[in-house]
Amino acid sequence: MLTATRLTRQQCTSVRLRGYATEKRAKDRELFQHKVGSKVHGYTVKEIQHLPERNITAYELSHDKTGARHLHLDCEDTNNVFMATFKTSPTDSTGVAHVLEHTALCGSEKYPIRDPFFNMLKRSVKTYMNAWTGQDFTSYPFGSENVQDFYNLMSVYLDATFHPQLSEWDFKQEGHRLEFSEDGSLEVKGIVYNEMKGAMAESSTLFAHELYEKLFPTITYRHNSGGDPETIRDLTWENLKEFHRVHYHPSNSWTCTYGDMSLEEHLRFINEVLQKFEKIDPKTDIPDEQRFAEHKRFVVKCAPPPLSEEEGKQDKVAVGFLLNKNTDQLTTLSLSLLQTLLMTGPNSPFYQSLIESNLGSNYSPYAGYDSSAREAVFSIGLQGVDAKDTQTIEDLIFKTFEEVAENGFPKERIDAVLHALELSLRHIGNEYGLHLAAGIMHSWIHGGSPIEALSTPALVKEIRKRIDEGPFFQDLVKKYFLENKHRVTLTMVADESYNEEQAKIKADKDAKIFAQLTEADKQKIREDAKVLKARQEEVQDPSILPTITISDISPNTIFTPLEKETIKTNSVQWASQPTNGVIYFKAKLPFDAIPDSEKEELLPYFPLFTQVLSSLGSAESSYREMAQDADLHTGGLSSSYHLTRDHTDRKAHHASLYLASHCLEYNIDKMFSLWSKLLTSPKWDDKDHIKTILLSIESDFQDSLIDSGNVFARYYAASKLSSFGELQENWEGTTQYKFLQRLAKDAEENNLDEHFAILKRISAHMLQREGMSVAVNTESRLFDGTRNRLDSFLNSLNTGSSIKKGKILERGDKVLSSVPKTLIGVPSDVNHCSLCLPSVPYTNPDFVPLQVLAHIMTNAYLHREIREKGGAYGGGASSGTHGCVAFYSYRDPHNLATLEHFENAIKWAAAGEFDEENIKEAKLNVFSEIDHPVVPSKKGMTEFLMGITDEMRQRNRDILFSVNKAQLVTVANKYLKEGLEKSHYSIAILGDNQTKDSLPESWSFLE
């Protein structure tokens, strides 16, 4: 049992800040005044560089006493980021770095409470909060716009990493342990153990690990840093503590901050922790891999794809190469550009030689250039192949390299790739600061310059110079691929017996361990299980953790000023935003354009239609020419679909074709010209091209099935409750996957004419000016010029019959005679469970209380039962605009027991067994979600796509402030408990197909 000096709630409301002017933010912030060589709070400034293309000033510093490194990226962005990283290179596959990442967050000297990390998730208004283990590093990042919240989180993160408790009980919970099941058999439990069982059940993840093991036979990258499930069981508590002692030391640390907050305050805060340490040599440098003298070849096995109906062409083949050190920024960027030239788009050599060969369905898993390891890797190959074609594929790969080395790339291809890179520097994406921090860590921890890694324009200038001087990219191909003998060919064969063999290995290990257990050992296992269970059920006092209070939250929604007008008959929304001269164009065309008499027939094809459309050619240009022009003048043309519930009518929902692109201001004419060509005369006769795209889409779907199993389980469960849920499942769930499988089979048999005809029919109905709505985000100075060109673009489009802007498939909720229960069987040892009940639309007064209630059940009940005690990687409840209250678990060793926890959570909530602190924490969760920063390119999109206005958001915000316990108990009974009692809910599990015989007869089975 934990013992510690208790701090009062008042003392721990937040950490104390000294001399920090919190009101000076963004453009008005106080700038760092020190120069290179200055001493600041225990640090010395090593380098300062302004990066104008990113609107950032970078400061690199070193901690004088310990040698810890720090990088600060100063800018106007109020979404501040902190990241602490340690070089953690394992010497085995026990997953020690991964288990330590989990266990370090389970209590520390300053915050001796079980699970401070998950407690802080509900005591913060973070914009991001996580931790992850890479191949040779472990990072602890978070983000927040609130100054006090930022330092609250920094206090918890620094104490967790440098002063964790590392309790043996936390090690058993997070890592692995033995327990006896009710039938007396021996079970292995542990959150990381179950997480990695799920991860390694994905053949793509297994393929990547096998490839690295073969390319790095003598150094750390041959090991599975996340942990091989059966090897995890060899990790000891003593191993864990020793690994922390060596690796989690300031001398082996790299920290990064980003945003508009004070660098001086950051340094003062971090130095208070680091100054207690002395400098050491952690001896964590990674040596070079010993280079091969000849090409090597390997064959390994995996399980067949999930929900597969056909045998054959289930294998994977790739050739992998070991390349440059990632600290060489110029070579790293050059090879990254070379990857794009070689692989991206229909004009690339490997797309033409491999993808269009139809030997496989898509590139091999994780194909391309990867500089995350100290020595970078490039791999290229195919999945969805027959292993007997391995030599053919290998020959095609080297023939393609030889042709590129001989002929190079067309100048317009190189220009297009460089244009895309330069445009990306102006584009501000989601979690921009987090991505910058994460990106520089890979080379920084090995001695590279983080500032050089961010100085892309200078690197591009040097690359352009070398291109002008000679056959630059051809020479790279010769050096790193044709003349490089450190390469392997890996073939992964799908084997029906693979899972049985793995199960036998585990069973043999279990039997050996069981046979060696004495009666005293068995008794200790039983006693340990009781102690751990009691500890997990122990009521914690989170008041020792810092927190934000509801009074710290602004009562006001930040409104986005929008201008609206009608051009011709089309509605246009304008948002003036700081976009660095980039114009963002979005458009939607309603599914209503399809006649009611044809909707049911055409519905299954709509996702495929939307994904294929932007890859087509036109009457004037081939698909290769269209792709070339799009790359050269825009950030690419994108077509997809958008499906949403109506914000007021629970029986209605809306679907549309969604178009998006962006460009620099001088390319606006070209961008609209490309859209005009595509929408007025799409070329649906390129049958081989469309077949290739179809196979790629089906392959991508297959890859996501197990990794996103909780999402697919929710889709299937929700499909039994409403017409919206049914449509979402048909378009995004296992039903769509099965549909794509059937189309892929027809593609293999060259029997696609009927399907092409249907795509053409959808195109004829959808691609017309009537009903199109447009949104433009850019700087106000560009409005007039964009408006003129938009007017011309709309005039160029086809016209058709008028379209009613209505609500589609208004069938509403379904009437259930019994509770639908479905097992979606896949080759995996873990499960993804879901239970869904109908919810309410966004403007319903109960929408917000249900949001809060879902977080209460997650925080105060389900997390403890499903993750801590049950050993699942994750579990909880959600309620939002998807139209249902959804309970879920992720990589879960249990099935029926988890469903019982879902039902018990409902009864617990309906009985009001939660307190005011639980309510406050859940409200903070919701505020964190609804106040998440929105990048300039996406401002106003909630209204454009969903019809949810800022006024509606403000009304829901007002409700959120006022939600009380009585309201929460009422909605728990009205929507959840009554749903259970009336059997108006649905259950689905995506998981182990071997468990179907153990389920009750009321269950149906899908495989």
# chains A, B, ... in the order shown; residues from 1 in each chain; ligands from 1
call {"tool": "residues_around", "arguments": {"residues": "A:Ile989", "least_positions_apart": "2", "cutoff": "12 Å", "atoms": "only C-alpha atoms", "output": "PyMOL selection string"}}
result
chain A and resi 706+709-717+820-826+828+830-836+887-896+898-899+986-987+991-993+995-996+999+1003-1007
call {"tool": "residues_around", "arguments": {"residues": "stretch 436-450 of chain A", "least_positions_apart": "5", "cutoff": "6 Å", "atoms": "only C-alpha atoms", "output": "PyMOL selection string"}}
result
chain A and resi 326-327+372
call {"tool": "write_last_selection", "arguments": {"atoms": "N, CA, C and O atoms", "output": "mmCIF file, in the first residue's frame"}}
result
data_model
loop_
_atom_site.group_PDB
_atom_site.id
_atom_site.type_symbol
_atom_site.label_atom_id
_atom_site.label_comp_id
_atom_site.auth_asym_id
_atom_site.auth_seq_id
_atom_site.Cartn_x
_atom_site.Cartn_y
_atom_site.Cartn_z
ATOM 1 N N ASN A 326 21.086 8.671 -40.414
ATOM 2 C CA ASN A 326 20.035 9.697 -40.450
ATOM 3 C C ASN A 326 20.502 11.059 -39.947
ATOM 4 O O ASN A 326 19.756 12.032 -40.032
ATOM 5 N N THR A 327 21.723 11.150 -39.439
ATOM 6 C CA THR A 327 22.262 12.450 -39.027
ATOM 7 C C THR A 327 22.723 13.284 -40.226
ATOM 8 O O THR A 327 22.961 14.478 -40.091
ATOM 9 N N SER A 372 13.846 6.612 -39.337
ATOM 10 C CA SER A 372 13.632 6.652 -37.887
ATOM 11 C C SER A 372 14.738 5.933 -37.128
ATOM 12 O O SER A 372 14.990 6.238 -35.958
#
call {"tool": "select_by_dssp", "arguments": {"residues": "stretch 657-719 of chain A", "states": "alpha helix (DSSP H)", "output": "mmCIF file with N, CA, C and O atoms, in the first residue's frame"}}
result
data_model
loop_
_atom_site.group_PDB
_atom_site.id
_atom_site.type_symbol
_atom_site.label_atom_id
_atom_site.label_comp_id
_atom_site.auth_asym_id
_atom_site.auth_seq_id
_atom_site.Cartn_x
_atom_site.Cartn_y
_atom_site.Cartn_z
ATOM 1 N N ILE A 668 -3.985 29.425 -58.807
ATOM 2 C CA ILE A 668 -5.419 29.273 -58.641
ATOM 3 C C ILE A 668 -6.118 28.904 -59.950
ATOM 4 O O ILE A 668 -7.021 28.069 -59.982
ATOM 5 N N ASP A 669 -5.706 29.513 -61.077
ATOM 6 C CA ASP A 669 -6.325 29.189 -62.362
ATOM 7 C C ASP A 669 -6.106 27.717 -62.711
ATOM 8 O O ASP A 669 -7.024 27.036 -63.196
ATOM 9 N N LYS A 670 -4.890 27.244 -62.481
ATOM 10 C CA LYS A 670 -4.575 25.857 -62.823
ATOM 11 C C LYS A 670 -5.378 24.891 -61.943
ATOM 12 O O LYS A 670 -5.867 23.863 -62.428
ATOM 13 N N MET A 671 -5.527 25.214 -60.662
ATOM 14 C CA MET A 671 -6.264 24.327 -59.770
ATOM 15 C C MET A 671 -7.723 24.192 -60.218
ATOM 16 O O MET A 671 -8.251 23.073 -60.333
ATOM 17 N N PHE A 672 -8.384 25.313 -60.514
ATOM 18 C CA PHE A 672 -9.778 25.226 -60.925
ATOM 19 C C PHE A 672 -9.911 24.592 -62.313
ATOM 20 O O PHE A 672 -10.908 23.915 -62.596
ATOM 21 N N SER A 673 -8.908 24.787 -63.164
ATOM 22 C CA SER A 673 -8.931 24.136 -64.474
ATOM 23 C C SER A 673 -8.889 22.616 -64.337
ATOM 24 O O SER A 673 -9.608 21.887 -65.043
ATOM 25 N N LEU A 674 -8.073 22.123 -63.403
ATOM 26 C CA LEU A 674 -7.998 20.673 -63.174
ATOM 27 C C LEU A 674 -9.326 20.126 -62.672
ATOM 28 O O LEU A 674 -9.802 19.074 -63.130
ATOM 29 N N TRP A 675 -9.939 20.841 -61.725
ATOM 30 C CA TRP A 675 -11.242 20.384 -61.219
ATOM 31 C C TRP A 675 -12.284 20.409 -62.329
ATOM 32 O O TRP A 675 -13.130 19.500 -62.430
ATOM 33 N N SER A 676 -12.251 21.438 -63.165
ATOM 34 C CA SER A 676 -13.224 21.539 -64.251
ATOM 35 C C SER A 676 -13.099 20.363 -65.209
ATOM 36 O O SER A 676 -14.095 19.742 -65.598
ATOM 37 N N LYS A 677 -11.870 20.029 -65.581
ATOM 38 C CA LYS A 677 -11.656 18.868 -66.455
ATOM 39 C C LYS A 677 -12.200 17.591 -65.822
ATOM 40 O O LYS A 677 -12.876 16.787 -66.477
ATOM 41 N N LEU A 678 -11.872 17.409 -64.551
ATOM 42 C CA LEU A 678 -12.230 16.160 -63.882
ATOM 43 C C LEU A 678 -13.740 16.022 -63.723
ATOM 44 O O LEU A 678 -14.309 14.929 -63.902
ATOM 45 N N LEU A 679 -14.408 17.114 -63.372
ATOM 46 C CA LEU A 679 -15.837 17.034 -63.080
ATOM 47 C C LEU A 679 -16.717 17.075 -64.324
ATOM 48 O O LEU A 679 -17.857 16.596 -64.288
ATOM 49 N N THR A 680 -16.207 17.633 -65.418
ATOM 50 C CA THR A 680 -17.034 17.711 -66.628
ATOM 51 C C THR A 680 -16.837 16.529 -67.563
ATOM 52 O O THR A 680 -17.745 16.172 -68.318
ATOM 53 N N LYS A 687 -10.035 1.174 -67.643
ATOM 54 C CA LYS A 687 -10.445 0.054 -66.797
ATOM 55 C C LYS A 687 -9.273 -0.555 -66.020
ATOM 56 O O LYS A 687 -9.419 -0.914 -64.847
ATOM 57 N N ASP A 688 -8.129 -0.676 -66.670
ATOM 58 C CA ASP A 688 -6.982 -1.249 -65.960
ATOM 59 C C ASP A 688 -6.558 -0.352 -64.803
ATOM 60 O O ASP A 688 -6.189 -0.841 -63.724
ATOM 61 N N HIS A 689 -6.613 0.951 -65.016
ATOM 62 C CA HIS A 689 -6.247 1.909 -63.962
ATOM 63 C C HIS A 689 -7.212 1.819 -62.786
ATOM 64 O O HIS A 689 -6.786 1.772 -61.619
ATOM 65 N N ILE A 690 -8.501 1.774 -63.081
ATOM 66 C CA ILE A 690 -9.504 1.688 -62.005
ATOM 67 C C ILE A 690 -9.385 0.357 -61.274
ATOM 68 O O ILE A 690 -9.522 0.291 -60.040
ATOM 69 N N LYS A 691 -9.093 -0.706 -62.009
ATOM 70 C CA LYS A 691 -8.881 -2.017 -61.374
ATOM 71 C C LYS A 691 -7.717 -1.949 -60.396
ATOM 72 O O LYS A 691 -7.799 -2.474 -59.267
ATOM 73 N N THR A 692 -6.640 -1.288 -60.794
ATOM 74 C CA THR A 692 -5.473 -1.148 -59.913
ATOM 75 C C THR A 692 -5.841 -0.396 -58.634
ATOM 76 O O THR A 692 -5.438 -0.779 -57.532
ATOM 77 N N ILE A 693 -6.606 0.694 -58.790
ATOM 78 C CA ILE A 693 -7.024 1.466 -57.617
ATOM 79 C C ILE A 693 -7.911 0.628 -56.708
ATOM 80 O O ILE A 693 -7.769 0.648 -55.482
ATOM 81 N N LEU A 694 -8.825 -0.117 -57.291
ATOM 82 C CA LEU A 694 -9.728 -0.978 -56.512
ATOM 83 C C LEU A 694 -8.947 -1.959 -55.656
ATOM 84 O O LEU A 694 -9.224 -2.117 -54.456
ATOM 85 N N LEU A 695 -7.964 -2.636 -56.246
ATOM 86 C CA LEU A 695 -7.176 -3.613 -55.492
ATOM 87 C C LEU A 695 -6.408 -2.933 -54.360
ATOM 88 O O LEU A 695 -6.263 -3.502 -53.273
ATOM 89 N N SER A 696 -5.924 -1.719 -54.592
ATOM 90 C CA SER A 696 -5.202 -0.982 -53.558
ATOM 91 C C SER A 696 -6.129 -0.606 -52.406
ATOM 92 O O SER A 696 -5.756 -0.721 -51.233
ATOM 93 N N ILE A 697 -7.336 -0.159 -52.723
ATOM 94 C CA ILE A 697 -8.304 0.209 -51.673
ATOM 95 C C ILE A 697 -8.665 -1.002 -50.832
ATOM 96 O O ILE A 697 -8.718 -0.936 -49.596
ATOM 97 N N GLU A 698 -8.898 -2.132 -51.488
ATOM 98 C CA GLU A 698 -9.245 -3.360 -50.753
ATOM 99 C C GLU A 698 -8.097 -3.787 -49.844
ATOM 100 O O GLU A 698 -8.301 -4.214 -48.706
ATOM 101 N N SER A 699 -6.864 -3.625 -50.310
ATOM 102 C CA SER A 699 -5.691 -3.975 -49.511
ATOM 103 C C SER A 699 -5.571 -3.073 -48.287
ATOM 104 O O SER A 699 -5.278 -3.541 -47.180
ATOM 105 N N ASP A 700 -5.787 -1.758 -48.474
ATOM 106 C CA ASP A 700 -5.727 -0.825 -47.349
ATOM 107 C C ASP A 700 -6.781 -1.163 -46.307
ATOM 108 O O ASP A 700 -6.526 -1.090 -45.091
ATOM 109 N N PHE A 701 -7.967 -1.524 -46.760
ATOM 110 C CA PHE A 701 -9.051 -1.899 -45.847
ATOM 111 C C PHE A 701 -8.640 -3.110 -45.020
ATOM 112 O O PHE A 701 -8.835 -3.163 -43.795
ATOM 113 N N GLN A 702 -8.048 -4.083 -45.685
ATOM 114 C CA GLN A 702 -7.620 -5.305 -45.008
ATOM 115 C C GLN A 702 -6.600 -4.999 -43.924
ATOM 116 O O GLN A 702 -6.665 -5.543 -42.813
ATOM 117 N N ASP A 703 -5.650 -4.087 -44.216
ATOM 118 C CA ASP A 703 -4.605 -3.747 -43.255
ATOM 119 C C ASP A 703 -5.172 -3.105 -41.993
ATOM 120 O O ASP A 703 -4.602 -3.232 -40.909
ATOM 121 N N SER A 704 -6.291 -2.377 -42.128
ATOM 122 C CA SER A 704 -6.825 -1.634 -40.983
ATOM 123 C C SER A 704 -7.768 -2.460 -40.117
ATOM 124 O O SER A 704 -8.113 -2.037 -39.010
ATOM 125 N N LEU A 705 -8.167 -3.634 -40.594
ATOM 126 C CA LEU A 705 -9.253 -4.354 -39.941
ATOM 127 C C LEU A 705 -8.944 -4.744 -38.500
ATOM 128 O O LEU A 705 -9.742 -4.506 -37.594
ATOM 129 N N ILE A 706 -7.772 -5.315 -38.259
ATOM 130 C CA ILE A 706 -7.435 -5.752 -36.909
ATOM 131 C C ILE A 706 -6.940 -4.582 -36.068
ATOM 132 O O ILE A 706 -7.310 -4.434 -34.901
ATOM 133 N N ASP A 707 -6.113 -3.713 -36.663
ATOM 134 C CA ASP A 707 -5.571 -2.578 -35.912
ATOM 135 C C ASP A 707 -6.676 -1.654 -35.417
ATOM 136 O O ASP A 707 -6.587 -1.094 -34.323
ATOM 137 N N GLY A 709 -9.869 -2.587 -34.856
ATOM 138 C CA GLY A 709 -10.961 -3.519 -34.588
ATOM 139 C C GLY A 709 -12.085 -2.936 -33.751
ATOM 140 O O GLY A 709 -13.257 -3.276 -33.942
ATOM 141 N N ASN A 710 -11.741 -2.035 -32.805
ATOM 142 C CA ASN A 710 -12.789 -1.430 -31.981
ATOM 143 C C ASN A 710 -13.738 -0.584 -32.819
ATOM 144 O O ASN A 710 -14.942 -0.534 -32.548
ATOM 145 N N VAL A 711 -13.206 0.084 -33.849
ATOM 146 C CA VAL A 711 -14.044 0.913 -34.723
ATOM 147 C C VAL A 711 -14.972 0.026 -35.544
ATOM 148 O O VAL A 711 -16.178 0.293 -35.664
ATOM 149 N N PHE A 712 -14.442 -1.053 -36.114
ATOM 150 C CA PHE A 712 -15.260 -1.947 -36.920
ATOM 151 C C PHE A 712 -16.326 -2.645 -36.071
ATOM 152 O O PHE A 712 -17.447 -2.871 -36.536
ATOM 153 N N ALA A 713 -15.994 -2.987 -34.834
ATOM 154 C CA ALA A 713 -16.986 -3.588 -33.942
ATOM 155 C C ALA A 713 -18.105 -2.592 -33.652
ATOM 156 O O ALA A 713 -19.295 -2.956 -33.642
ATOM 157 N N ARG A 714 -17.747 -1.323 -33.424
ATOM 158 C CA ARG A 714 -18.783 -0.314 -33.160
ATOM 159 C C ARG A 714 -19.666 -0.099 -34.377
ATOM 160 O O ARG A 714 -20.890 -0.004 -34.257
ATOM 161 N N TYR A 715 -19.057 -0.001 -35.546
ATOM 162 C CA TYR A 715 -19.867 0.167 -36.755
ATOM 163 C C TYR A 715 -20.895 -0.955 -36.880
ATOM 164 O O TYR A 715 -22.063 -0.706 -37.204
ATOM 165 N N TYR A 716 -20.442 -2.190 -36.645
ATOM 166 C CA TYR A 716 -21.348 -3.325 -36.840
ATOM 167 C C TYR A 716 -22.464 -3.316 -35.798
ATOM 168 O O TYR A 716 -23.627 -3.561 -36.118
ATOM 169 N N ALA A 717 -22.105 -3.035 -34.551
ATOM 170 C CA ALA A 717 -23.131 -2.989 -33.509
ATOM 171 C C ALA A 717 -24.134 -1.872 -33.784
ATOM 172 O O ALA A 717 -25.356 -2.064 -33.684
ATOM 173 N N ALA A 718 -23.634 -0.681 -34.154
ATOM 174 C CA ALA A 718 -24.509 0.464 -34.390
ATOM 175 C C ALA A 718 -25.394 0.262 -35.614
ATOM 176 O O ALA A 718 -26.482 0.853 -35.711
#
call {"tool": "residues_around", "arguments": {"residues": "A:Ala972", "least_positions_apart": "2", "cutoff": "8 Å", "atoms": "only C-alpha atoms", "output": "list in words"}}
result
Leu850, Leu853, Ile906, Ala909, Ala910, Leu968, Val969, Thr970, Lys974, Tyr975, Leu976 and Lys977 of chain A
call {"tool": "atom_distance", "arguments": {"atom1": "atom CA of A:Thr518", "atom2": "atom CA of A:Pro229"}}
result
24.7 Å
call {"tool": "select_by_dssp", "arguments": {"residues": "stretch 85-153 of chain A", "states": "strand (DSSP E or B)", "output": "list in words"}}
result
Thr85, Phe86, Lys87, Ser108, Tyr128, Met129, Trp132, Thr133, Phe137, Thr138, Ser139, Tyr140, Pro141, Phe142, Gly143 and Ser144 of chain A
call {"tool": "closest_residue", "arguments": {"among": "A:Val852, A:Met261, A:Val417, A:Leu862", "to": "A:Phe961", "atoms": "only C-alpha atoms"}}
result
A:Val852
call {"tool": "residues_around", "arguments": {"residues": "stretch 58-75 of chain A", "least_positions_apart": "2", "cutoff": "8 Å", "atoms": "only C-alpha atoms", "output": "ChimeraX atom specification"}}
result
/A:26,42-51,55-56,77,250-261,263,274-275,277-280,450-451
call {"tool": "residues_around", "arguments": {"residues": "A:Arg953", "least_positions_apart": "6", "cutoff": "9 Å", "atoms": "only C-alpha atoms", "output": "list in words"}}
result
Thr557, Thr843 and Ile930 of chain A
call {"tool": "write_last_selection", "arguments": {"atoms": "all heavy atoms", "output": "PDB file, in the first residue's frame"}}
result
ATOM      1  N   THR A 557     -17.512  30.422 -26.589  1.00  0.00           N
ATOM      2  CA  THR A 557     -17.000  29.749 -27.778  1.00  0.00           C
ATOM      3  C   THR A 557     -16.265  30.764 -28.643  1.00  0.00           C
ATOM      4  O   THR A 557     -16.706  31.909 -28.783  1.00  0.00           O
ATOM      5  CB  THR A 557     -18.166  29.141 -28.582  1.00  0.00           C
ATOM      6  OG1 THR A 557     -18.759  28.097 -27.818  1.00  0.00           O
ATOM      7  CG2 THR A 557     -17.702  28.592 -29.912  1.00  0.00           C
ATOM      8  N   THR A 843     -28.451  19.042 -31.234  1.00  0.00           N
ATOM      9  CA  THR A 843     -29.192  20.147 -30.615  1.00  0.00           C
ATOM     10  C   THR A 843     -30.155  19.705 -29.529  1.00  0.00           C
ATOM     11  O   THR A 843     -30.793  20.539 -28.886  1.00  0.00           O
ATOM     12  CB  THR A 843     -29.985  20.931 -31.685  1.00  0.00           C
ATOM     13  OG1 THR A 843     -30.868  20.037 -32.375  1.00  0.00           O
ATOM     14  CG2 THR A 843     -29.042  21.604 -32.678  1.00  0.00           C
ATOM     15  N   ILE A 930     -13.906  19.915 -27.227  1.00  0.00           N
ATOM     16  CA  ILE A 930     -14.581  20.931 -28.041  1.00  0.00           C
ATOM     17  C   ILE A 930     -13.728  22.177 -28.247  1.00  0.00           C
ATOM     18  O   ILE A 930     -13.969  22.945 -29.175  1.00  0.00           O
ATOM     19  CB  ILE A 930     -15.946  21.317 -27.433  1.00  0.00           C
ATOM     20  CG1 ILE A 930     -15.777  22.006 -26.071  1.00  0.00           C
ATOM     21  CG2 ILE A 930     -16.838  20.093 -27.317  1.00  0.00           C
ATOM     22  CD1 ILE A 930     -17.096  22.468 -25.466  1.00  0.00           C
TER      23      ILE A 930
END
call {"tool": "residues_around", "arguments": {"residues": "A:Leu603", "least_positions_apart": "2", "cutoff": "10 Å", "atoms": "only C-alpha atoms", "output": "PyMOL selection string"}}
result
chain A and resi 591+594+598-601+605-607+727+730-731+762
call {"tool": "closest_residue", "arguments": {"among": "A:Val612, A:Arg487, A:Arg650, A:Leu602", "to": "A:Ala757", "atoms": "only C-alpha atoms"}}
result
A:Leu602
